[in-house]
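Pasted below: run-v5.txt, compact mmCIF, C-alpha atoms and all ligand atoms.
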# COMPACT_ATOMS: atom_id res chain seq x y z
CA MET A 59 147.11 86.78 111.46
CA LEU A 60 144.58 85.74 108.92
CA ILE A 61 144.68 81.99 108.53
CA LYS A 62 143.40 80.78 105.21
CA ARG A 63 140.87 78.09 105.90
CA PRO A 64 140.79 75.05 103.60
CA SER A 65 137.34 75.99 102.42
CA ASP A 66 138.62 79.43 101.42
CA ILE A 67 141.26 78.04 99.15
CA LYS A 68 139.94 78.37 95.67
CA SER A 69 139.76 75.29 93.53
CA SER A 70 141.67 77.15 90.85
CA GLU A 71 144.64 76.89 93.17
CA ILE A 72 144.48 73.14 93.00
CA THR A 73 146.37 72.61 89.82
CA ASP A 74 148.27 69.44 90.39
CA GLU A 75 148.85 66.62 92.79
CA ALA A 76 151.73 68.42 94.50
CA ILE A 77 149.59 71.34 95.46
CA TYR A 78 146.79 69.03 96.45
CA LEU A 79 149.10 67.10 98.74
CA ARG A 80 150.55 70.25 100.27
CA ARG A 81 147.05 71.44 100.89
CA ARG A 82 146.22 68.15 102.54
CA GLU A 83 149.17 68.58 104.86
CA PHE A 84 147.96 72.07 105.59
CA MET A 85 144.53 70.73 106.43
CA GLN A 86 145.98 68.14 108.75
CA ALA A 87 148.24 70.70 110.39
CA THR A 88 145.37 73.05 111.04
CA ALA A 89 142.79 70.40 111.87
CA GLY A 90 142.36 71.44 115.45
CA LEU A 91 142.88 75.11 114.78
CA ALA A 92 140.64 76.36 112.07
CA LEU A 93 136.94 75.93 111.66
CA MET A 94 136.92 72.71 109.71
CA PRO A 95 134.60 72.18 106.82
CA LEU A 96 131.68 70.04 107.91
CA PHE A 97 133.39 66.84 106.92
CA GLY A 98 136.65 67.31 108.68
CA ALA A 99 140.12 66.35 107.72
CA ALA A 100 139.31 62.78 106.74
CA VAL A 101 141.56 61.76 103.93
CA ALA A 102 140.41 59.24 101.39
CA LYS A 103 142.31 56.04 100.79
CA THR A 104 142.91 56.43 97.11
CA SER A 105 145.41 54.51 95.09
CA ALA A 106 147.43 56.32 92.45
CA LEU A 107 144.93 57.79 90.04
CA ALA A 108 145.90 58.28 86.42
CA GLU A 109 145.83 61.63 84.70
CA LEU A 110 143.13 61.79 82.06
CA LYS A 111 143.28 63.55 78.71
CA PHE A 112 140.26 65.75 78.20
CA LYS A 113 138.95 69.00 76.78
CA LYS A 114 137.09 71.46 78.95
CA ASN A 115 133.48 71.92 77.99
CA SER A 116 132.97 75.44 79.26
CA LYS A 117 129.65 75.85 77.49
CA LEU A 118 128.02 73.19 79.64
CA SER A 119 130.02 73.96 82.79
CA SER A 120 129.03 75.88 85.86
CA SER A 121 131.32 78.80 86.67
CA GLU A 122 130.81 78.42 90.41
CA THR A 123 133.68 77.70 92.78
CA LEU A 124 134.54 74.02 92.80
CA THR A 125 134.02 72.00 95.95
CA ASP A 126 137.43 70.92 97.21
CA TYR A 127 138.73 67.49 96.20
CA ASN A 128 138.90 66.26 99.75
CA SER A 129 135.21 66.88 100.43
CA ILE A 130 134.16 65.36 97.11
CA THR A 131 136.09 62.19 97.91
CA THR A 132 135.40 61.79 101.63
CA TYR A 133 131.75 62.79 101.96
CA ASN A 134 129.94 60.22 99.84
CA ASN A 135 126.76 58.26 99.50
CA PHE A 136 127.60 54.79 98.23
CA TYR A 137 125.60 52.29 100.26
CA GLU A 138 127.50 49.35 98.78
CA PHE A 139 130.28 50.44 101.15
CA GLY A 140 128.22 51.45 104.15
CA THR A 141 125.51 53.93 104.97
CA ASP A 142 127.43 56.77 106.54
CA LYS A 143 129.14 59.43 104.50
CA SER A 144 132.65 58.52 105.58
CA SER A 145 132.40 54.77 104.86
CA PRO A 146 132.90 54.81 101.07
CA ALA A 147 136.25 56.59 101.39
CA LYS A 148 137.36 53.96 103.90
CA HIS A 149 136.12 50.82 102.16
CA ALA A 150 135.71 51.43 98.43
CA HIS A 151 139.39 50.74 97.78
CA ARG A 152 138.43 47.04 98.04
CA LEU A 153 136.59 47.18 94.75
CA THR A 154 138.45 45.72 91.79
CA THR A 155 137.73 48.13 88.96
CA SER A 156 139.98 46.57 86.33
CA PRO A 157 139.13 44.45 84.44
CA TRP A 158 135.62 45.81 84.16
CA SER A 159 132.88 44.93 81.73
CA ILE A 160 129.42 46.21 81.03
CA VAL A 161 126.52 44.14 79.75
CA VAL A 162 124.37 46.01 77.26
CA ASP A 163 121.03 44.33 76.59
CA GLY A 164 117.38 44.86 75.74
CA HIS A 165 115.85 46.61 72.76
CA ALA A 166 118.91 47.51 70.70
CA LYS A 167 120.54 46.26 67.50
CA LYS A 168 123.90 45.84 69.22
CA THR A 169 123.99 44.06 72.56
CA GLY A 170 126.51 41.97 74.47
CA LYS A 171 129.14 42.07 77.15
CA PHE A 172 131.85 44.62 76.50
CA ASP A 173 135.18 45.38 78.12
CA LEU A 174 135.23 48.85 79.53
CA GLU A 175 138.19 49.76 77.28
CA ASP A 176 136.12 48.91 74.21
CA ILE A 177 133.21 50.90 75.55
CA LEU A 178 135.45 53.93 76.10
CA LYS A 179 137.60 53.79 72.96
CA PRO A 180 135.47 55.85 70.56
CA HIS A 181 134.72 58.60 73.09
CA SER A 182 136.82 61.66 73.73
CA LEU A 183 136.63 62.92 77.27
CA GLU A 184 135.38 66.30 78.41
CA GLU A 185 135.52 68.08 81.70
CA ARG A 186 132.11 69.33 82.78
CA ILE A 187 131.64 71.26 85.97
CA TYR A 188 128.21 70.37 87.33
CA ARG A 189 126.32 71.09 90.50
CA LEU A 190 125.28 67.93 92.35
CA ARG A 191 122.32 68.32 94.70
CA CYS A 192 121.64 65.47 97.09
CA VAL A 193 118.10 64.85 98.24
CA GLU A 194 119.48 65.22 101.78
CA ARG A 195 119.98 68.95 101.09
CA TRP A 196 123.68 69.29 100.59
CA SER A 197 125.28 70.24 97.30
CA MET A 198 128.66 70.27 95.65
CA VAL A 199 130.25 71.56 92.47
CA VAL A 200 132.23 68.81 90.81
CA PRO A 201 134.60 68.90 87.81
CA TRP A 202 133.61 65.58 86.22
CA VAL A 203 135.50 64.03 83.35
CA GLY A 204 133.31 62.00 81.07
CA PHE A 205 131.38 61.86 77.84
CA SER A 206 127.84 62.25 76.63
CA LEU A 207 125.60 59.27 77.34
CA ALA A 208 123.74 60.04 74.10
CA ASP A 209 126.88 59.29 72.09
CA LEU A 210 127.18 55.90 73.75
CA ILE A 211 123.49 55.07 73.33
CA LYS A 212 123.63 55.80 69.59
CA ARG A 213 126.39 53.23 69.13
CA PHE A 214 124.11 50.45 70.36
CA GLN A 215 121.25 51.49 68.08
CA PRO A 216 118.24 51.14 70.37
CA THR A 217 115.00 50.23 68.60
CA SER A 218 111.72 52.13 68.81
CA LYS A 219 110.70 49.87 71.70
CA ALA A 220 113.45 51.34 73.87
CA LYS A 221 111.54 53.97 75.83
CA TYR A 222 113.76 53.93 78.91
CA VAL A 223 117.36 53.15 79.80
CA ALA A 224 117.96 51.08 82.94
CA PHE A 225 121.27 50.94 84.80
CA GLU A 226 122.61 48.46 87.29
CA THR A 227 125.57 48.65 89.67
CA LEU A 228 127.91 45.72 90.12
CA HIS A 229 126.82 43.12 92.68
CA ARG A 230 129.90 41.75 94.43
CA PRO A 231 129.36 41.49 98.19
CA GLU A 232 132.89 40.13 98.82
CA GLU A 233 134.22 43.55 97.82
CA MET A 234 131.15 45.72 98.24
CA THR A 235 130.76 44.77 101.84
CA GLY A 236 127.72 46.98 102.37
CA GLN A 237 125.86 44.56 100.10
CA LYS A 238 126.00 41.98 102.90
CA ARG A 239 123.34 44.01 104.65
CA SER A 240 119.92 44.49 103.10
CA VAL A 241 119.65 48.25 103.60
CA LEU A 242 118.63 48.42 99.93
CA GLU A 243 117.78 45.71 97.42
CA TRP A 244 120.97 44.79 95.56
CA PRO A 245 122.16 45.48 93.00
CA TYR A 246 121.45 49.23 93.04
CA VAL A 247 119.32 50.06 90.01
CA GLU A 248 118.36 53.32 88.34
CA GLY A 249 116.75 54.50 85.16
CA LEU A 250 116.03 57.38 82.84
CA ARG A 251 113.42 58.03 80.21
CA MET A 252 115.07 57.87 76.78
CA ASP A 253 114.82 61.64 76.22
CA GLU A 254 116.44 62.29 79.60
CA ALA A 255 119.20 59.83 78.77
CA MET A 256 119.74 61.53 75.40
CA ASN A 257 119.82 65.05 76.83
CA PRO A 258 123.22 66.68 76.17
CA LEU A 259 123.70 67.30 79.92
CA THR A 260 123.62 63.61 80.82
CA ILE A 261 127.05 62.04 81.01
CA LEU A 262 128.89 58.92 81.96
CA ALA A 263 131.82 60.03 84.09
CA VAL A 264 135.13 58.19 84.42
CA GLY A 265 136.98 60.76 86.47
CA LEU A 266 136.99 63.99 88.42
CA TYR A 267 139.52 66.75 89.03
CA GLY A 268 141.35 65.58 85.90
CA LYS A 269 142.02 62.06 87.15
CA THR A 270 140.53 58.59 87.09
CA MET A 271 137.39 58.26 89.21
CA PRO A 272 138.13 57.52 92.87
CA ASN A 273 136.38 54.28 93.84
CA GLN A 274 134.17 55.99 96.39
CA ASN A 275 132.78 58.25 93.65
CA GLY A 276 131.73 55.35 91.44
CA ALA A 277 134.76 53.96 89.63
CA PRO A 278 135.28 52.99 86.99
CA ILE A 279 132.19 54.54 85.37
CA ARG A 280 129.10 56.24 86.77
CA LEU A 281 126.19 58.27 85.58
CA VAL A 282 125.83 62.01 86.22
CA VAL A 283 122.42 63.64 85.72
CA PRO A 284 122.89 67.14 87.12
CA TRP A 285 119.24 68.28 87.23
CA LYS A 286 118.13 65.32 89.34
CA TYR A 287 118.75 64.48 92.98
CA GLY A 288 122.07 62.75 93.53
CA PHE A 289 120.71 59.24 93.92
CA LYS A 290 119.80 59.09 90.22
CA SER A 291 123.52 59.28 89.37
CA ILE A 292 124.23 55.56 89.75
CA LYS A 293 127.81 54.47 90.40
CA SER A 294 130.01 51.59 89.21
CA ILE A 295 127.75 50.60 86.33
CA ALA A 296 127.84 46.96 85.21
CA ARG A 297 124.70 46.79 83.07
CA ILE A 298 122.82 49.11 80.71
CA SER A 299 119.45 47.90 79.43
CA PHE A 300 117.14 49.36 76.82
CA VAL A 301 113.63 48.72 78.09
CA GLU A 302 110.06 49.46 77.13
CA LYS A 303 108.57 50.09 80.57
CA GLU A 304 109.63 52.45 83.33
CA PRO A 305 112.34 50.47 85.13
CA PRO A 306 112.44 49.96 88.91
CA THR A 307 114.80 52.26 90.84
CA SER A 308 116.46 51.46 94.15
CA TRP A 309 115.17 54.32 96.26
CA ASN A 310 111.67 54.02 94.85
CA ILE A 311 111.62 50.30 95.69
CA SER A 312 112.87 51.12 99.17
CA ILE A 313 110.60 54.07 100.08
CA PRO A 314 108.11 54.78 97.27
CA SER A 315 106.28 57.51 99.18
CA GLU A 316 109.50 59.56 99.37
CA TYR A 317 111.38 58.80 96.16
CA GLY A 318 109.79 58.74 92.74
CA PHE A 319 111.15 57.78 89.36
CA TYR A 320 111.80 61.32 88.14
CA SER A 321 113.41 62.91 91.20
CA ASN A 322 114.05 66.20 89.49
CA VAL A 323 115.52 68.81 91.82
CA ASN A 324 112.50 70.93 92.69
CA PRO A 325 112.36 73.49 95.51
CA GLU A 326 108.55 73.54 95.19
CA VAL A 327 108.06 69.85 95.95
CA ASP A 328 108.99 69.01 99.50
CA HIS A 329 110.34 65.68 100.57
CA PRO A 330 107.68 64.23 102.92
CA ARG A 331 110.07 64.72 105.84
CA TRP A 332 111.75 68.01 104.91
CA SER A 333 111.58 71.05 102.68
CA GLN A 334 113.69 71.08 99.51
CA LYS A 335 113.75 74.89 99.26
CA LYS A 336 117.28 75.34 100.62
CA GLU A 337 120.57 73.51 100.44
CA ARG A 338 123.98 73.70 102.04
CA ARG A 339 126.85 73.94 99.63
CA ILE A 340 129.68 71.95 101.14
CA GLY A 341 132.33 74.30 102.44
CA GLU A 342 129.84 77.14 102.92
CA PHE A 343 128.14 78.23 106.07
CA LEU A 344 124.94 79.93 104.91
CA ARG A 345 122.30 77.96 103.11
CA ARG A 346 121.45 78.72 99.50
CA ASP A 347 118.14 78.64 97.69
CA THR A 348 117.70 75.45 95.74
CA LEU A 349 117.10 76.18 92.07
CA MET A 350 114.49 74.57 89.86
CA PHE A 351 116.06 71.60 88.08
CA ASN A 352 119.20 72.41 90.09
CA GLY A 353 119.74 75.48 87.88
CA TYR A 354 119.46 73.56 84.60
CA ALA A 355 115.85 74.57 83.79
CA GLU A 356 116.80 76.18 80.51
CA GLN A 357 118.22 72.92 79.22
CA VAL A 358 115.70 70.44 80.61
CA ALA A 359 112.37 72.07 81.58
CA HIS A 360 110.96 71.20 78.13
CA LEU A 361 111.28 67.49 78.90
CA TYR A 362 108.52 67.78 81.50
CA LYS A 363 106.13 70.15 79.75
CA GLY A 364 102.56 69.42 80.74
CA MET A 365 103.57 67.00 83.50
CA ASP A 366 102.40 67.55 87.06
CA LEU A 367 105.74 67.54 88.88
CA LYS A 368 104.03 66.99 92.23
CA LYS A 369 102.63 63.76 90.90
CA TYR A 370 105.72 62.75 88.95
CA TYR A 371 108.21 63.46 91.75
N1 LIG A 401 125.46 52.35 93.22
C1 LIG A 401 125.19 53.45 93.93
N2 LIG A 401 125.14 54.62 93.29
C2 LIG A 401 124.88 55.77 93.99
C3 LIG A 401 124.60 55.71 95.39
C4 LIG A 401 124.66 54.43 96.03
O1 LIG A 401 124.45 54.30 97.24
N3 LIG A 401 124.97 53.33 95.27
N4 LIG A 401 124.32 56.87 96.07
C5 LIG A 401 123.75 57.99 95.27
C6 LIG A 401 123.60 59.23 96.03
S1 LIG A 401 122.38 59.28 97.19
C7 LIG A 401 124.35 60.34 95.74
S2 LIG A 401 124.04 61.82 96.51
C8 LIG A 401 125.48 60.28 94.78
C9 LIG A 401 126.74 60.75 95.46
O2 LIG A 401 127.81 60.82 94.56
P1 LIG A 401 129.25 61.27 95.06
O3 LIG A 401 129.60 60.40 96.23
O4 LIG A 401 130.18 61.09 93.91
O5 LIG A 401 129.14 62.69 95.48
O6 LIG A 401 125.70 58.97 94.30
C10 LIG A 401 124.53 58.22 93.98
N5 LIG A 401 124.87 56.97 93.33
MO MO A 402 121.96 61.58 97.53
Would you mind writing the file's structure down as structure tokens?
Ligand SMILES: Nc1nc2c(c(=O)[nH]1)N[C@H]1C(S)=C(S)[C@@H](COP(=O)(O)O)O[C@H]1N2
Ligand SMILES: [Mo]
Amino acid sequence: MLIKRPSDIKSSEITDEAIYLRRREFMQATAGLALMPLFGAAVAKTSALAELKFKKNSKLSSSETLTDYNSITTYNNFYEFGTDKSSPAKHAHRLTTSPWSIVVDGHAKKTGKFDLEDILKPHSLEERIYRLRCVERWSMVVPWVGFSLADLIKRFQPTSKAKYVAFETLHRPEEMTGQKRSVLEWPYVEGLRMDEAMNPLTILAVGLYGKTMPNQNGAPIRLVVPWKYGFKSIKSIARISFVEKEPPTSWNISIPSEYGFYSNVNPEVDHPRWSQKKERRIGEFLRRDTLMFNGYAEQVAHLYKGMDLKKYY
């Protein structure tokens, strides 16, 4: 008998919670039997997630097979909840994501502290299927639900001094228990050059697979920059600042020789400790070639014209 492995079940089959749950049961039932996907049958502790209203943006979406929901929500990097991939799914439920506010400051006409609801109100949500390529050489295909960062930036009317946008994650060690250890400097910080932030591909995501963002994936709101290594896509954003100078970024502060400000996916520029030429798509066995700018060269290569990408890694 041919047993359908979880990783063979197409994402298009996952149409609603009922099917997802049945599939989860199937995964648990076959856990010892079938060749499990790399990340096993771990099931995330997620509270009831709300259905989101959104339109599909097929023009900006990848047509590749989606990574299954279970892998996306149980194999995470979110050091605020621990350094191994399974920790965020176990501990991120502690984070209070409502109420949530974001401080917007720096070189802009409109600044202040805003409730997340007020931040979200004017934006209609879109589903965008993007590849995410982690610097550690695994990749996923995720159906994000979010909106264009450019649309948000315009509302705050940055001045001509705003050359970069800096982002900061919440700092709340009582809930983000990983922040009690100094594995990174807290809060996690990231940044983009203004033209990168304004690129139509860059989004703020509030959900995935049609529902509110699971905490371990960066609830209630996180950045997604699909042509850059995963660590640029900062989670659980509590501050957005319009700044004149290149802002500090967590991984660059931590290990500057390995992680630069730009961190564009680039198979030609090796990480000092490993090649970036190949990647493993979660759920697949054979490795794939990593694509320049994670496959988004057509949309973003112009941003780096004339720049030495070995120097600006
Ligand atoms: N605040 C914060 N944001 C973060 C991280 C983190 O540790 N803290 N990890 C990054 C890394 S290394 C990756 S690969 C992606 C993973 O996103 P995902 O768990 O939704 O797949 O989140 C990024 N955003
Ligand atoms: Mo990553």
Q) Residues at most 6 Å from ligand LIG 401 (chain A), using all atoms listed in the file? Could they come as a PyMOL selection string? A) chain A and resi 130+134-138+192+227+246+275+288-289+291-293
Given the selection you just returned, output its residues as a file containing C-alpha atoms, formatted as a compact mmCIF listing (two decimals), keeping the file's coordinate frame.
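Once everything was written out, this is out28.txt:
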# COMPACT_ATOMS: atom_id res chain seq x y z
CA ILE A 130 134.16 65.36 97.11
CA ASN A 134 129.94 60.22 99.84
CA ASN A 135 126.76 58.26 99.50
CA PHE A 136 127.60 54.79 98.23
CA TYR A 137 125.60 52.29 100.26
CA GLU A 138 127.50 49.35 98.78
CA CYS A 192 121.64 65.47 97.09
CA THR A 227 125.57 48.65 89.67
CA TYR A 246 121.45 49.23 93.04
CA ASN A 275 132.78 58.25 93.65
CA GLY A 288 122.07 62.75 93.53
CA PHE A 289 120.71 59.24 93.92
CA SER A 291 123.52 59.28 89.37
CA ILE A 292 124.23 55.56 89.75
CA LYS A 293 127.81 54.47 90.40
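Of the residues under consideration (A:Asp366, A:Glu185, A:Asp347, A:Glu243), A:Glu185 shows the shortest atom-to-atom contact distance to Lys111 (chain A) when counting all atoms listed in the file.
Distance-wise, CA of Met271 (chain A) and CA of Phe205 (chain A) end up 13.4 Å apart.
The interatomic distance for the pair CA of Arg338 (chain A) and CA of Val193 (chain A) works out to 11.3 Å.
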Q: Find the residue from A:Leu266, A:Leu190, A:Leu210, A:Leu228 that sits nearest to ligand MO 402 (chain A); use only C-alpha atoms and all ligand atoms when measuring.
A: A:Leu190
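Every protein or nucleic acid residue with an atom no more than 9 Å from region 232-236 of chain A, counting all atoms listed in the file and leaving out same-chain residues fewer than 2 positions away, appears here: A:Phe136, A:Tyr137, A:Glu138, A:Phe139, A:Gly140, A:Thr141, A:His149, A:Ala150, A:His151, A:Arg152, A:Leu153, A:Thr154, A:Leu228, A:His229, A:Arg230, A:Lys238, A:Arg239, A:Ser240, A:Val241.
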Once you count only C-alpha atoms, what closest atom pair and distance in Å to one decimal does each residue of region 206-235 of chain A within 10 Å of region 305-310 of chain A have, with rows by chain and rising residue number, as JSON lines?
{"residue": "A:Lys221", "atom": "CA", "partner": "A:Pro305", "partner_atom": "CA", "distance": 10.0}
{"residue": "A:Tyr222", "atom": "CA", "partner": "A:Pro305", "partner_atom": "CA", "distance": 7.3}
{"residue": "A:Val223", "atom": "CA", "partner": "A:Pro305", "partner_atom": "CA", "distance": 7.8}
{"residue": "A:Ala224", "atom": "CA", "partner": "A:Pro305", "partner_atom": "CA", "distance": 6.1}
{"residue": "A:Phe225", "atom": "CA", "partner": "A:Pro305", "partner_atom": "CA", "distance": 8.9}
{"residue": "A:Glu226", "atom": "CA", "partner": "A:Thr307", "partner_atom": "CA", "distance": 9.4}
Q: For Gly353 (chain A), list every protein, DNA or RNA residue within 10 Å, evaluated using only C-alpha atoms, and leave out those in the same chain fewer than 3 positions away; present the list as a ChimeraX atom specification.
A: /A:120,188-189,284-285,323-324,348-350,356-358
Expected residue set, 7 Å radius at (126.8, 64.6, 82.8), only C-alpha atoms, as a CSV table (one decimal) with C-alpha atoms, in the coordinates of the input:
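The resulting out-v2.csv:
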chain,number,residue,atom,x,y,z
A,206,SER,CA,127.8,62.2,76.6
A,259,LEU,CA,123.7,67.3,79.9
A,260,THR,CA,123.6,63.6,80.8
A,261,ILE,CA,127.0,62.0,81.0
A,262,LEU,CA,128.9,58.9,82.0
A,263,ALA,CA,131.8,60.0,84.1
A,281,LEU,CA,126.2,58.3,85.6
A,282,VAL,CA,125.8,62.0,86.2
A,283,VAL,CA,122.4,63.6,85.7
A,284,PRO,CA,122.9,67.1,87.1
Keeping just N, CA and C atoms, export region 156-171 of chain A of this structure as a PDB file, in the first residue's frame.
ATOM      1  N   SER A 156      -2.254  41.257  22.514  1.00  0.00           N
ATOM      2  CA  SER A 156      -3.338  42.226  22.472  1.00  0.00           C
ATOM      3  C   SER A 156      -3.635  42.682  23.900  1.00  0.00           C
ATOM      4  N   PRO A 157      -3.585  43.970  24.233  1.00  0.00           N
ATOM      5  CA  PRO A 157      -3.338  45.070  23.299  1.00  0.00           C
ATOM      6  C   PRO A 157      -1.882  45.116  22.824  1.00  0.00           C
ATOM      7  N   TRP A 158      -1.695  45.779  21.701  1.00  0.00           N
ATOM      8  CA  TRP A 158      -0.356  45.924  21.138  1.00  0.00           C
ATOM      9  C   TRP A 158      -0.249  47.331  20.559  1.00  0.00           C
ATOM     10  N   SER A 159       0.878  47.965  20.813  1.00  0.00           N
ATOM     11  CA  SER A 159       1.058  49.286  20.195  1.00  0.00           C
ATOM     12  C   SER A 159       2.426  49.362  19.546  1.00  0.00           C
ATOM     13  N   ILE A 160       2.542  50.272  18.627  1.00  0.00           N
ATOM     14  CA  ILE A 160       3.811  50.486  17.937  1.00  0.00           C
ATOM     15  C   ILE A 160       4.175  51.962  18.056  1.00  0.00           C
ATOM     16  N   VAL A 161       5.411  52.209  18.450  1.00  0.00           N
ATOM     17  CA  VAL A 161       5.920  53.577  18.480  1.00  0.00           C
ATOM     18  C   VAL A 161       6.517  53.878  17.107  1.00  0.00           C
ATOM     19  N   VAL A 162       6.088  54.977  16.521  1.00  0.00           N
ATOM     20  CA  VAL A 162       6.684  55.420  15.263  1.00  0.00           C
ATOM     21  C   VAL A 162       7.396  56.725  15.573  1.00  0.00           C
ATOM     22  N   ASP A 163       8.704  56.771  15.301  1.00  0.00           N
ATOM     23  CA  ASP A 163       9.436  58.001  15.625  1.00  0.00           C
ATOM     24  C   ASP A 163      10.528  58.300  14.597  1.00  0.00           C
ATOM     25  N   GLY A 164      11.250  59.377  14.822  1.00  0.00           N
ATOM     26  CA  GLY A 164      12.318  59.765  13.910  1.00  0.00           C
ATOM     27  C   GLY A 164      11.869  60.813  12.911  1.00  0.00           C
ATOM     28  N   HIS A 165      12.531  60.790  11.748  1.00  0.00           N
ATOM     29  CA  HIS A 165      12.318  61.821  10.738  1.00  0.00           C
ATOM     30  C   HIS A 165      11.046  61.600   9.930  1.00  0.00           C
ATOM     31  N   ALA A 166       9.917  61.995  10.507  1.00  0.00           N
ATOM     32  CA  ALA A 166       8.633  61.871   9.813  1.00  0.00           C
ATOM     33  C   ALA A 166       7.701  62.945  10.335  1.00  0.00           C
ATOM     34  N   LYS A 167       6.735  63.358   9.513  1.00  0.00           N
ATOM     35  CA  LYS A 167       5.800  64.403   9.934  1.00  0.00           C
ATOM     36  C   LYS A 167       4.859  63.877  11.001  1.00  0.00           C
ATOM     37  N   LYS A 168       4.480  62.608  10.869  1.00  0.00           N
ATOM     38  CA  LYS A 168       3.566  62.014  11.855  1.00  0.00           C
ATOM     39  C   LYS A 168       4.342  61.007  12.683  1.00  0.00           C
ATOM     40  N   THR A 169       4.361  61.207  13.972  1.00  0.00           N
ATOM     41  CA  THR A 169       5.015  60.223  14.849  1.00  0.00           C
ATOM     42  C   THR A 169       4.127  60.023  16.076  1.00  0.00           C
ATOM     43  N   GLY A 170       4.459  59.048  16.893  1.00  0.00           N
ATOM     44  CA  GLY A 170       3.665  58.816  18.106  1.00  0.00           C
ATOM     45  C   GLY A 170       3.568  57.343  18.420  1.00  0.00           C
ATOM     46  N   LYS A 171       2.722  57.066  19.424  1.00  0.00           N
ATOM     47  CA  LYS A 171       2.488  55.679  19.812  1.00  0.00           C
ATOM     48  C   LYS A 171       1.077  55.325  19.355  1.00  0.00           C
TER      49      LYS A 171
END
